[in-house]
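**Student:** So that you have it, the file is input25.txt, and it contains compact mmCIF, C-alpha atoms (C1' of nucleotides):
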# COMPACT_ATOMS: atom_id res chain seq x y z
CA MET A 1 -75.50 30.65 -19.80
CA ALA A 2 -76.82 34.04 -18.93
CA LYS A 3 -80.49 33.53 -19.61
CA ALA A 4 -80.58 29.93 -18.38
CA ILE A 5 -81.19 28.43 -21.81
CA LYS A 6 -80.27 24.77 -21.69
CA LYS A 7 -78.23 23.15 -24.41
CA GLU A 8 -80.04 20.87 -26.83
CA THR A 9 -83.36 22.66 -26.39
CA CYS A 10 -85.05 24.28 -29.34
CA GLN A 11 -84.57 27.72 -27.77
CA TYR A 12 -80.82 27.14 -27.53
CA ARG A 13 -80.64 26.17 -31.18
CA LEU A 14 -82.71 29.20 -32.15
CA MET A 15 -80.24 31.43 -30.31
CA ALA A 16 -77.25 29.83 -32.03
CA GLY A 17 -78.92 30.23 -35.41
CA LYS A 18 -79.62 33.88 -34.73
CA ASP A 19 -76.01 34.48 -33.65
CA ALA A 20 -74.60 32.93 -36.81
CA MET A 21 -77.08 34.69 -39.07
CA GLU A 22 -76.26 38.09 -37.61
CA VAL A 23 -72.67 37.79 -38.83
CA LEU A 24 -73.19 35.92 -42.10
CA GLN A 25 -76.43 37.58 -43.23
CA GLY A 26 -76.65 39.75 -46.30
CA LYS A 27 -75.81 39.63 -49.95
CA TRP A 28 -72.04 40.02 -49.63
CA ARG A 29 -70.64 38.46 -46.43
CA ILE A 30 -70.49 34.87 -47.67
CA PRO A 31 -69.10 35.85 -51.10
CA ILE A 32 -66.36 37.89 -49.44
CA ILE A 33 -65.41 34.98 -47.18
CA ILE A 34 -65.44 32.59 -50.14
CA SER A 35 -63.20 34.96 -52.05
CA LEU A 36 -60.70 35.14 -49.17
CA THR A 37 -60.72 31.37 -48.64
CA ASP A 38 -58.55 30.82 -51.71
CA GLU A 39 -55.92 33.35 -50.76
CA ASP A 40 -55.48 36.77 -49.22
CA LYS A 41 -56.67 39.48 -51.54
CA ARG A 42 -56.57 43.21 -52.06
CA PHE A 43 -59.54 45.56 -52.14
CA GLY A 44 -59.67 45.79 -55.91
CA GLU A 45 -59.20 42.07 -56.37
CA ILE A 46 -62.18 41.21 -54.19
CA GLN A 47 -64.19 43.91 -55.90
CA ARG A 48 -63.56 42.51 -59.36
CA GLU A 49 -63.99 38.90 -58.32
CA ILE A 50 -67.41 39.18 -56.71
CA GLY A 51 -68.73 42.22 -58.59
CA ILE A 52 -69.43 44.52 -55.67
CA SER A 53 -69.35 48.32 -55.55
CA PRO A 54 -66.55 50.00 -53.59
CA LYS A 55 -69.04 51.45 -51.14
CA MET A 56 -70.60 48.10 -50.25
CA LEU A 57 -67.25 46.34 -50.13
CA SER A 58 -65.76 48.93 -47.79
CA GLN A 59 -68.83 48.73 -45.56
CA GLU A 60 -68.94 44.93 -45.41
CA LEU A 61 -65.19 44.59 -44.87
CA LYS A 62 -65.48 46.90 -41.88
CA ALA A 63 -68.31 44.84 -40.42
CA LEU A 64 -66.40 41.60 -40.91
CA GLU A 65 -63.33 43.15 -39.33
CA GLU A 66 -65.32 44.26 -36.30
CA ASN A 67 -66.54 40.71 -35.89
CA LYS A 68 -62.96 39.41 -36.10
CA ILE A 69 -63.68 37.39 -39.24
CA ILE A 70 -61.11 39.12 -41.39
CA SER A 71 -58.08 41.34 -40.82
CA ARG A 72 -56.71 44.26 -42.78
CA THR A 73 -52.99 44.61 -43.39
CA LEU A 74 -51.42 47.68 -44.89
CA TYR A 75 -48.25 47.18 -46.90
CA ASP A 76 -46.56 50.51 -47.45
CA SER A 77 -44.64 49.00 -50.29
CA MET A 78 -44.47 50.13 -53.88
CA PRO A 79 -47.83 51.74 -54.57
CA VAL A 80 -49.29 51.18 -51.06
CA THR A 81 -51.40 48.06 -51.06
CA VAL A 82 -53.88 46.71 -48.55
CA GLU A 83 -54.45 43.01 -48.04
CA TYR A 84 -57.42 41.37 -46.45
CA SER A 85 -57.20 37.90 -44.97
CA LEU A 86 -59.29 35.54 -42.89
CA THR A 87 -58.56 35.40 -39.17
CA PRO A 88 -58.59 32.04 -37.35
CA LEU A 89 -62.24 32.77 -36.52
CA GLY A 90 -62.86 33.47 -40.18
CA ARG A 91 -61.16 30.22 -41.14
CA SER A 92 -63.32 28.40 -38.61
CA THR A 93 -66.23 28.87 -41.01
CA ASP A 94 -64.67 26.33 -43.38
CA LYS A 95 -66.84 23.35 -42.44
CA LEU A 96 -69.95 25.51 -42.37
CA LEU A 97 -69.01 27.04 -45.70
CA ASP A 98 -68.39 23.60 -47.13
CA GLU A 99 -71.81 22.29 -46.10
CA PHE A 100 -73.38 25.53 -47.20
CA LEU A 101 -71.96 25.28 -50.70
CA LYS A 102 -72.68 21.55 -50.94
CA TRP A 103 -76.28 22.23 -50.07
CA GLY A 104 -76.48 25.10 -52.53
CA ILE A 105 -75.38 22.74 -55.29
CA HIS A 106 -77.78 20.04 -54.08
CA PHE A 107 -80.63 22.53 -54.05
CA ARG A 108 -79.79 23.75 -57.51
CA ASN A 109 -79.85 20.18 -58.83
CA GLU A 110 -83.18 19.47 -57.15
CA ILE A 111 -85.05 22.68 -57.84
CA VAL A 112 -83.36 25.17 -60.09
CA GLY A 113 -82.43 22.42 -62.49
CA ARG A 114 -85.92 20.90 -62.10
CA MET B 115 -73.60 23.76 -66.63
CA ALA B 116 -75.41 26.40 -68.57
CA LYS B 117 -72.94 29.23 -68.24
CA ALA B 118 -69.87 27.03 -68.45
CA ILE B 119 -68.75 27.62 -64.89
CA LYS B 120 -66.32 24.90 -63.92
CA LYS B 121 -66.53 23.10 -60.61
CA GLU B 122 -63.96 24.01 -57.95
CA THR B 123 -63.46 27.49 -59.31
CA CYS B 124 -64.22 30.49 -57.16
CA GLN B 125 -67.05 31.49 -59.49
CA TYR B 126 -68.68 28.11 -59.04
CA ARG B 127 -68.51 28.43 -55.27
CA LEU B 128 -69.93 31.94 -55.45
CA MET B 129 -72.86 30.63 -57.45
CA ALA B 130 -73.52 27.83 -54.96
CA GLY B 131 -73.36 30.28 -52.07
CA LYS B 132 -75.83 32.59 -53.78
CA ASP B 133 -78.21 29.69 -54.47
CA ALA B 134 -78.22 28.57 -50.86
CA MET B 135 -78.54 32.09 -49.51
CA GLU B 136 -81.54 32.83 -51.68
CA VAL B 137 -83.51 30.09 -49.92
CA LEU B 138 -82.16 30.39 -46.40
CA GLN B 139 -81.78 34.16 -46.21
CA GLY B 140 -83.82 36.31 -43.87
CA LYS B 141 -84.75 36.51 -40.25
CA TRP B 142 -87.19 33.60 -40.14
CA ARG B 143 -86.27 30.81 -42.60
CA ILE B 144 -83.63 29.13 -40.43
CA PRO B 145 -85.71 29.44 -37.23
CA ILE B 146 -88.70 27.84 -38.98
CA ILE B 147 -86.57 24.96 -40.22
CA ILE B 148 -85.05 24.50 -36.76
CA SER B 149 -88.52 24.45 -35.27
CA LEU B 150 -89.69 21.77 -37.70
CA THR B 151 -86.57 19.66 -37.22
CA ASP B 152 -87.80 18.43 -33.84
CA GLU B 153 -91.22 17.40 -35.04
CA ASP B 154 -94.02 18.42 -37.37
CA LYS B 155 -95.86 21.43 -36.04
CA ARG B 156 -99.00 23.44 -36.51
CA PHE B 157 -99.18 27.09 -37.51
CA GLY B 158 -99.87 28.32 -34.00
CA GLU B 159 -97.19 26.11 -32.49
CA ILE B 160 -94.46 27.48 -34.76
CA GLN B 161 -95.73 30.98 -34.13
CA ARG B 162 -95.45 30.65 -30.36
CA GLU B 163 -92.15 28.83 -30.45
CA ILE B 164 -90.19 31.30 -32.52
CA GLY B 165 -92.15 34.47 -31.74
CA ILE B 166 -93.18 35.47 -35.23
CA SER B 167 -96.26 37.39 -36.37
CA PRO B 168 -98.94 35.47 -38.31
CA LYS B 169 -98.33 37.61 -41.38
CA MET B 170 -94.62 36.86 -41.55
CA LEU B 171 -95.11 33.20 -40.72
CA SER B 172 -97.70 32.73 -43.44
CA GLN B 173 -95.48 34.52 -45.92
CA GLU B 174 -92.32 32.57 -45.07
CA LEU B 175 -94.10 29.21 -44.97
CA LYS B 176 -95.38 29.86 -48.48
CA ALA B 177 -91.89 30.69 -49.71
CA LEU B 178 -90.43 27.57 -48.11
CA GLU B 179 -93.22 25.48 -49.59
CA GLU B 180 -92.56 26.88 -53.06
CA ASN B 181 -88.94 25.89 -52.68
CA LYS B 182 -89.96 22.37 -51.63
CA ILE B 183 -88.37 22.72 -48.21
CA ILE B 184 -91.56 22.13 -46.24
CA SER B 185 -94.99 20.69 -46.96
CA ARG B 186 -98.41 21.65 -45.70
CA THR B 187 -100.90 18.99 -44.69
CA LEU B 188 -104.51 19.73 -43.89
CA TYR B 189 -106.20 17.43 -41.39
CA ASP B 190 -109.92 17.94 -41.55
CA SER B 191 -110.20 16.33 -38.19
CA MET B 192 -111.70 17.74 -35.02
CA PRO B 193 -111.24 21.52 -35.32
CA VAL B 194 -109.44 21.49 -38.69
CA THR B 195 -105.73 21.58 -38.12
CA VAL B 196 -102.84 22.20 -40.45
CA GLU B 197 -99.47 20.57 -40.01
CA TYR B 198 -96.20 21.70 -41.52
CA SER B 199 -93.32 19.29 -41.96
CA LEU B 200 -89.93 19.17 -43.61
CA THR B 201 -89.71 17.50 -47.01
CA PRO B 202 -86.70 15.30 -47.86
CA LEU B 203 -85.10 18.40 -49.35
CA GLY B 204 -85.81 20.25 -46.13
CA ARG B 205 -84.31 17.41 -44.10
CA SER B 206 -81.24 17.53 -46.34
CA THR B 207 -80.29 20.75 -44.60
CA ASP B 208 -79.46 18.80 -41.44
CA LYS B 209 -75.68 18.75 -41.85
CA LEU B 210 -75.64 22.37 -42.93
CA LEU B 211 -77.88 23.30 -40.02
CA ASP B 212 -75.65 21.38 -37.66
CA GLU B 213 -72.51 23.20 -38.77
CA PHE B 214 -74.37 26.46 -38.82
CA LEU B 215 -75.47 26.11 -35.21
CA LYS B 216 -72.09 24.81 -34.09
CA TRP B 217 -70.46 27.84 -35.60
CA GLY B 218 -73.03 30.17 -34.04
CA ILE B 219 -72.11 28.77 -30.64
CA HIS B 220 -68.40 28.97 -31.41
CA PHE B 221 -68.78 32.57 -32.51
CA ARG B 222 -70.71 33.44 -29.37
CA ASN B 223 -67.99 31.96 -27.21
CA GLU B 224 -65.28 33.84 -29.09
CA ILE B 225 -66.88 37.22 -29.53
CA VAL B 226 -70.19 37.76 -27.80
CA GLY B 227 -68.85 36.15 -24.64
CA ARG B 228 -65.55 38.02 -25.06
C1' DA C 229 -126.65 32.71 -29.50
C1' DG C 230 -122.19 34.24 -28.05
C1' DA C 231 -117.33 33.29 -26.93
C1' DT C 232 -113.13 30.99 -28.06
C1' DT C 233 -109.73 28.69 -30.97
C1' DT C 234 -107.32 27.92 -35.27
C1' DA C 235 -105.41 29.70 -39.33
C1' DC C 236 -104.88 33.02 -41.73
C1' DT C 237 -105.34 37.80 -44.77
C1' DT C 238 -105.21 42.73 -45.63
C1' DA C 239 -103.78 47.47 -45.27
C1' DC C 240 -100.48 50.49 -43.84
C1' DC C 241 -95.95 52.07 -42.30
C1' DT C 242 -90.88 52.35 -41.25
C1' DG C 243 -86.07 51.49 -41.38
C1' DA C 244 -82.41 49.14 -43.17
C1' DA C 245 -80.17 47.10 -47.16
C1' DG C 246 -78.39 47.93 -51.27
C1' DG C 247 -77.48 50.60 -55.63
C1' DT C 248 -75.43 54.63 -58.49
C1' DA C 249 -72.55 58.29 -59.37
C1' DA C 250 -69.24 61.35 -58.38
C1' DC C 251 -65.38 62.80 -55.74
C1' DT C 252 -60.87 62.37 -52.82
C1' DA C 253 -55.97 61.35 -51.91
C1' DC C 254 -51.78 59.23 -52.81
C1' DT C 255 -48.21 57.01 -56.11
C1' DT C 256 -46.21 55.64 -60.10
C1' DA C 257 -45.59 55.67 -65.09
C1' DC C 258 -45.10 58.35 -69.30
C1' DG D 259 -47.82 67.84 -65.99
C1' DT D 260 -51.07 64.51 -66.98
C1' DA D 261 -52.89 60.01 -67.22
C1' DA D 262 -53.77 55.73 -64.81
C1' DG D 263 -54.09 52.71 -60.84
C1' DT D 264 -54.56 52.08 -55.83
C1' DA D 265 -58.17 52.37 -51.94
C1' DG D 266 -61.48 54.18 -50.56
C1' DT D 267 -65.58 58.14 -49.09
C1' DT D 268 -69.82 60.85 -49.57
C1' DA D 269 -74.39 62.08 -50.99
C1' DC D 270 -78.52 60.66 -52.68
C1' DC D 271 -82.13 57.53 -53.97
C1' DT D 272 -85.04 53.20 -54.31
C1' DT D 273 -86.60 48.92 -52.85
C1' DC D 274 -88.03 45.55 -49.84
C1' DA D 275 -87.87 43.06 -45.53
C1' DG D 276 -90.19 43.17 -41.59
C1' DG D 277 -93.43 45.10 -38.09
C1' DT D 278 -98.26 46.46 -36.22
C1' DA D 279 -102.98 46.27 -36.00
C1' DA D 280 -107.14 44.86 -37.30
C1' DG D 281 -110.26 41.90 -39.82
C1' DT D 282 -111.98 37.29 -41.80
C1' DA D 283 -113.80 32.57 -41.85
C1' DA D 284 -114.91 28.16 -40.20
C1' DA D 285 -115.65 25.01 -36.38
C1' DT D 286 -116.23 23.80 -31.41
C1' DC D 287 -117.47 24.73 -26.76
C1' DT D 288 -120.88 26.23 -23.30
Transcribe the structure of this file into structure tokens.
**Tutor:**
Amino acid sequence: MAKAIKKETCQYRLMAGKDAMEVLQGKWRIPIIISLTDEDKRFGEIQREIGISPKMLSQELKALEENKIISRTLYDSMPVTVEYSLTPLGRSTDKLLDEFLKWGIHFRNEIVGR
Amino acid sequence: MAKAIKKETCQYRLMAGKDAMEVLQGKWRIPIIISLTDEDKRFGEIQREIGISPKMLSQELKALEENKIISRTLYDSMPVTVEYSLTPLGRSTDKLLDEFLKWGIHFRNEIVGR
DNA sequence: AGATTTACTTACCTGAAGGTAACTACTTAC
DNA sequence: GTAAGTAGTTACCTTCAGGTAAGTAAATCT
């Protein structure tokens, strides 16, 4: 550990939380990952599924690619298609995602649904 | 389900993700919850621990209180102190928090630490 | 009476996040 | 050749999250 932050301390947990948030933060990162959890998808498919503009999608896909969460594959087949898929690191969010969604539903039942 | 979104569909998961993000989003929500996981704390204690300005802390605490994640208790003891603590709903983030932090560490090991 | 501590609030400012609309480039279908 | 679908890019604009700095109010210490 570079800055001598011991495991199990509050400071260590704060650092871990910050690290995770940096990658997953924002309106579109989690939705994109959810969308790609089902199956690999093309640009237009993601766009239609989560209702994002092409500009934002392009921008967020680039960021996720830089962080090795997703990968872009170009198929120079019929009309030239591009497929996005989760990398192993992207797939490693599955347990987190699961708890995240479970809690979202729990919260909705407690608060949103009064 | 008001809008007839079936469970297990992608749209349902997108909704759950959005719900959770709305509450947990931002630079300070997760850090505040982490800070209060250890033990109940006072305004100044949280402030010093996570390095937040009084304005932001006050603002975020109010938002978390409105969402029933934390509760504020006034002790009109010695110099008048205020203690913030997690509600049961706040404590219900424990598994999510755990996976979140685990993943943050995993991500750091994979990417940040090359 | 003056200084310090606790818990805030208020006013102001800046940059990043996100949105809209229009345009590009390539291919295939008609 | 022109329309339609793919996968984006570019320019511009608005909003809001977050930051800084200073002020307030009540009590306690000295």
**Student:** How close does chain C get to chain A? List, as JSON lines, each residue of chain C within 10 Å, its nearest atom pair and the distance in Å to one decimal, counting only C-alpha atoms (C1' of nucleotides).
**Tutor:**
{"residue": "C:DA245", "atom": "C1'", "partner": "A:Gly26", "partner_atom": "CA", "distance": 8.2}
{"residue": "C:DG246", "atom": "C1'", "partner": "A:Met56", "partner_atom": "CA", "distance": 7.9}
{"residue": "C:DG247", "atom": "C1'", "partner": "A:Ser53", "partner_atom": "CA", "distance": 8.4}
{"residue": "C:DT248", "atom": "C1'", "partner": "A:Ser53", "partner_atom": "CA", "distance": 9.2}
{"residue": "C:DC254", "atom": "C1'", "partner": "A:Val80", "partner_atom": "CA", "distance": 8.6}
{"residue": "C:DT255", "atom": "C1'", "partner": "A:Pro79", "partner_atom": "CA", "distance": 5.5}
{"residue": "C:DT256", "atom": "C1'", "partner": "A:Pro79", "partner_atom": "CA", "distance": 7.0}
**Student:** Would you mind listing, for every residue of chain B within 8 Å of chain A, the two atoms forming the shortest contact and the distance between them in Å to one decimal, using only C-alpha atoms, sorted by chain and ascending residue number, as a Markdown table?
**Tutor:**
| residue | atom | partner | partner_atom | distance |
| --- | --- | --- | --- | --- |
| B:Cys124 | CA | A:Ser35 | CA | 6.9 |
| B:Arg127 | CA | A:Leu101 | CA | 6.5 |
| B:Leu128 | CA | A:Pro31 | CA | 5.9 |
| B:Ala130 | CA | A:Gly104 | CA | 4.7 |
| B:Gly131 | CA | A:Leu101 | CA | 5.4 |
| B:Lys132 | CA | A:Gly104 | CA | 7.6 |
| B:Asp133 | CA | A:Gly104 | CA | 5.3 |
| B:Ala134 | CA | A:Gly104 | CA | 4.2 |
| B:Met135 | CA | A:Gly104 | CA | 7.9 |
| B:Gln139 | CA | A:Gln25 | CA | 7.0 |
| B:Gly140 | CA | A:Gln25 | CA | 7.5 |
| B:Lys141 | CA | A:Met21 | CA | 8.0 |
| B:Ile144 | CA | A:Gly17 | CA | 7.0 |
| B:Pro145 | CA | A:Leu14 | CA | 5.9 |
| B:Ile148 | CA | A:Leu14 | CA | 7.0 |
| B:Ser149 | CA | A:Cys10 | CA | 6.9 |
| B:Asp152 | CA | A:Cys10 | CA | 7.9 |
| B:Ile164 | CA | A:Leu14 | CA | 7.8 |
| B:Asn181 | CA | A:Ile111 | CA | 7.2 |
| B:Lys182 | CA | A:Ile111 | CA | 7.9 |
| B:Leu203 | CA | A:Phe107 | CA | 7.7 |
| B:Ser206 | CA | A:Trp103 | CA | 7.8 |
| B:Thr207 | CA | A:Trp103 | CA | 6.9 |
| B:Lys209 | CA | A:Glu99 | CA | 6.8 |
| B:Leu210 | CA | A:Glu99 | CA | 5.0 |
| B:Glu213 | CA | A:Leu96 | CA | 5.0 |
| B:Phe214 | CA | A:Leu96 | CA | 5.7 |
| B:Leu215 | CA | A:Ala16 | CA | 5.2 |
| B:Lys216 | CA | A:Ala16 | CA | 7.5 |
| B:Trp217 | CA | A:Ala20 | CA | 6.7 |
| B:Gly218 | CA | A:Ala20 | CA | 4.2 |
| B:Ile219 | CA | A:Ala16 | CA | 5.4 |
| B:Phe221 | CA | A:Ala20 | CA | 7.2 |
| B:Arg222 | CA | A:Asp19 | CA | 6.9 |
| B:Ile225 | CA | A:Asn67 | CA | 7.3 |
**Student:** Would you mind reading off the distance between CA of Gly44 (chain A) and C1' of DA265 (chain D), one decimal, in Å?
**Tutor:**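 C1' of DA265 (chain D) lies 7.8 Å from CA of Gly44 (chain A).
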**Student:** One decimal, in Å: what's the spacing between CA of Thr81 (chain A) and C1' of DC258 (chain C)?
**Tutor:**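 One can read the CA of Thr81 (chain A) to C1' of DC258 (chain C) distance as 21.9 Å.
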**Student:** Select, as a ChimeraX atom specification, those residues of chain D with any atom no more than 10 Å from chain B (distances computed using all atoms listed in the file).
**Tutor:** /D:275-278,284-286
**Student:** Considering only C-alpha atoms, can you say which of B:Arg156, B:Arg162, B:Lys120, B:Lys176 comes closest to Tyr198 (chain B)?
**Tutor:** B:Arg156
**Student:** If I take CA of Glu174 (chain B) and CA of Leu57 (chain A), how far is one from the other in Å, to one decimal?
**Tutor:**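 So the two atoms, CA of Glu174 (chain B) and CA of Leu57 (chain A), lie 29.0 Å apart.
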**Student:** List the spatial neighbours of DG266 (chain D) as a list in words - criterion: any atom at most 10 Å away, only C-alpha atoms (C1' of nucleotides), same-chain residues fewer than 2 positions off excluded.
**Tutor:**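 So, after excluding close chain neighbours, the residues are Phe43, Pro54, Lys55, Leu57 and Ser58 of chain A; DT252 and DA253 of chain C; DT264 of chain D.
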**Student:** Can I get N, CA, C and O atoms for region 27-46 of chain A, as a PDB file, in the first residue's frame?
**Tutor:**
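The result, stored in decode27.pdb:
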ATOM      1  N   LYS A  27     -24.936   8.884 -14.734  1.00  0.00           N
ATOM      2  CA  LYS A  27     -26.287   8.468 -15.073  1.00  0.00           C
ATOM      3  C   LYS A  27     -26.319   7.208 -15.930  1.00  0.00           C
ATOM      4  O   LYS A  27     -27.309   6.475 -15.927  1.00  0.00           O
ATOM      5  N   TRP A  28     -25.243   6.931 -16.682  1.00  0.00           N
ATOM      6  CA  TRP A  28     -25.322   5.905 -17.718  1.00  0.00           C
ATOM      7  C   TRP A  28     -24.453   4.666 -17.556  1.00  0.00           C
ATOM      8  O   TRP A  28     -24.707   3.654 -18.200  1.00  0.00           O
ATOM      9  N   ARG A  29     -23.418   4.720 -16.700  1.00  0.00           N
ATOM     10  CA  ARG A  29     -22.487   3.591 -16.590  1.00  0.00           C
ATOM     11  C   ARG A  29     -23.181   2.304 -16.167  1.00  0.00           C
ATOM     12  O   ARG A  29     -23.036   1.268 -16.824  1.00  0.00           O
ATOM     13  N   ILE A  30     -23.929   2.371 -15.073  1.00  0.00           N
ATOM     14  CA  ILE A  30     -24.617   1.178 -14.568  1.00  0.00           C
ATOM     15  C   ILE A  30     -25.636   0.668 -15.595  1.00  0.00           C
ATOM     16  O   ILE A  30     -25.624  -0.521 -15.920  1.00  0.00           O
ATOM     17  N   PRO A  31     -26.485   1.533 -16.146  1.00  0.00           N
ATOM     18  CA  PRO A  31     -27.407   1.058 -17.181  1.00  0.00           C
ATOM     19  C   PRO A  31     -26.713   0.359 -18.345  1.00  0.00           C
ATOM     20  O   PRO A  31     -27.196  -0.663 -18.823  1.00  0.00           O
ATOM     21  N   ILE A  32     -25.583   0.896 -18.794  1.00  0.00           N
ATOM     22  CA  ILE A  32     -24.866   0.260 -19.898  1.00  0.00           C
ATOM     23  C   ILE A  32     -24.397  -1.136 -19.493  1.00  0.00           C
ATOM     24  O   ILE A  32     -24.553  -2.100 -20.247  1.00  0.00           O
ATOM     25  N   ILE A  33     -23.841  -1.240 -18.296  1.00  0.00           N
ATOM     26  CA  ILE A  33     -23.366  -2.551 -17.822  1.00  0.00           C
ATOM     27  C   ILE A  33     -24.536  -3.525 -17.686  1.00  0.00           C
ATOM     28  O   ILE A  33     -24.439  -4.682 -18.102  1.00  0.00           O
ATOM     29  N   ILE A  34     -25.642  -3.056 -17.141  1.00  0.00           N
ATOM     30  CA  ILE A  34     -26.834  -3.911 -17.030  1.00  0.00           C
ATOM     31  C   ILE A  34     -27.243  -4.410 -18.417  1.00  0.00           C
ATOM     32  O   ILE A  34     -27.496  -5.592 -18.615  1.00  0.00           O
ATOM     33  N   SER A  35     -27.270  -3.499 -19.359  1.00  0.00           N
ATOM     34  CA  SER A  35     -27.681  -3.843 -20.715  1.00  0.00           C
ATOM     35  C   SER A  35     -26.779  -4.911 -21.337  1.00  0.00           C
ATOM     36  O   SER A  35     -27.239  -5.802 -22.050  1.00  0.00           O
ATOM     37  N   LEU A  36     -25.468  -4.823 -21.036  1.00  0.00           N
ATOM     38  CA  LEU A  36     -24.524  -5.787 -21.613  1.00  0.00           C
ATOM     39  C   LEU A  36     -24.425  -7.085 -20.814  1.00  0.00           C
ATOM     40  O   LEU A  36     -23.762  -8.034 -21.244  1.00  0.00           O
ATOM     41  N   THR A  37     -25.079  -7.125 -19.654  1.00  0.00           N
ATOM     42  CA  THR A  37     -25.038  -8.331 -18.823  1.00  0.00           C
ATOM     43  C   THR A  37     -25.807  -9.458 -19.509  1.00  0.00           C
ATOM     44  O   THR A  37     -25.371 -10.603 -19.523  1.00  0.00           O
ATOM     45  N   ASP A  38     -26.950  -9.110 -20.079  1.00  0.00           N
ATOM     46  CA  ASP A  38     -27.786 -10.079 -20.784  1.00  0.00           C
ATOM     47  C   ASP A  38     -27.018 -10.746 -21.913  1.00  0.00           C
ATOM     48  O   ASP A  38     -26.912 -11.955 -21.986  1.00  0.00           O
ATOM     49  N   GLU A  39     -26.525  -9.906 -22.805  1.00  0.00           N
ATOM     50  CA  GLU A  39     -25.813 -10.406 -23.973  1.00  0.00           C
ATOM     51  C   GLU A  39     -25.055  -9.251 -24.622  1.00  0.00           C
ATOM     52  O   GLU A  39     -25.355  -8.093 -24.385  1.00  0.00           O
ATOM     53  N   ASP A  40     -24.090  -9.591 -25.455  1.00  0.00           N
ATOM     54  CA  ASP A  40     -23.346  -8.568 -26.177  1.00  0.00           C
ATOM     55  C   ASP A  40     -24.323  -7.801 -27.053  1.00  0.00           C
ATOM     56  O   ASP A  40     -25.275  -8.365 -27.577  1.00  0.00           O
ATOM     57  N   LYS A  41     -24.073  -6.518 -27.201  1.00  0.00           N
ATOM     58  CA  LYS A  41     -25.004  -5.706 -27.977  1.00  0.00           C
ATOM     59  C   LYS A  41     -24.288  -4.726 -28.876  1.00  0.00           C
ATOM     60  O   LYS A  41     -23.141  -4.379 -28.660  1.00  0.00           O
ATOM     61  N   ARG A  42     -25.008  -4.250 -29.873  1.00  0.00           N
ATOM     62  CA  ARG A  42     -24.474  -3.256 -30.783  1.00  0.00           C
ATOM     63  C   ARG A  42     -24.831  -1.865 -30.298  1.00  0.00           C
ATOM     64  O   ARG A  42     -25.711  -1.692 -29.458  1.00  0.00           O
ATOM     65  N   PHE A  43     -24.153  -0.876 -30.868  1.00  0.00           N
ATOM     66  CA  PHE A  43     -24.353   0.526 -30.497  1.00  0.00           C
ATOM     67  C   PHE A  43     -25.839   0.901 -30.461  1.00  0.00           C
ATOM     68  O   PHE A  43     -26.354   1.357 -29.449  1.00  0.00           O
ATOM     69  N   GLY A  44     -26.486   0.666 -31.586  1.00  0.00           N
ATOM     70  CA  GLY A  44     -27.889   1.050 -31.700  1.00  0.00           C
ATOM     71  C   GLY A  44     -28.802   0.300 -30.767  1.00  0.00           C
ATOM     72  O   GLY A  44     -29.805   0.851 -30.301  1.00  0.00           O
ATOM     73  N   GLU A  45     -28.438  -0.945 -30.475  1.00  0.00           N
ATOM     74  CA  GLU A  45     -29.267  -1.746 -29.564  1.00  0.00           C
ATOM     75  C   GLU A  45     -29.227  -1.187 -28.150  1.00  0.00           C
ATOM     76  O   GLU A  45     -30.261  -1.037 -27.488  1.00  0.00           O
ATOM     77  N   ILE A  46     -28.014  -0.851 -27.697  1.00  0.00           N
ATOM     78  CA  ILE A  46     -27.869  -0.265 -26.359  1.00  0.00           C
ATOM     79  C   ILE A  46     -28.632   1.046 -26.310  1.00  0.00           C
ATOM     80  O   ILE A  46     -29.379   1.318 -25.369  1.00  0.00           O
TER      81      ILE A  46
END
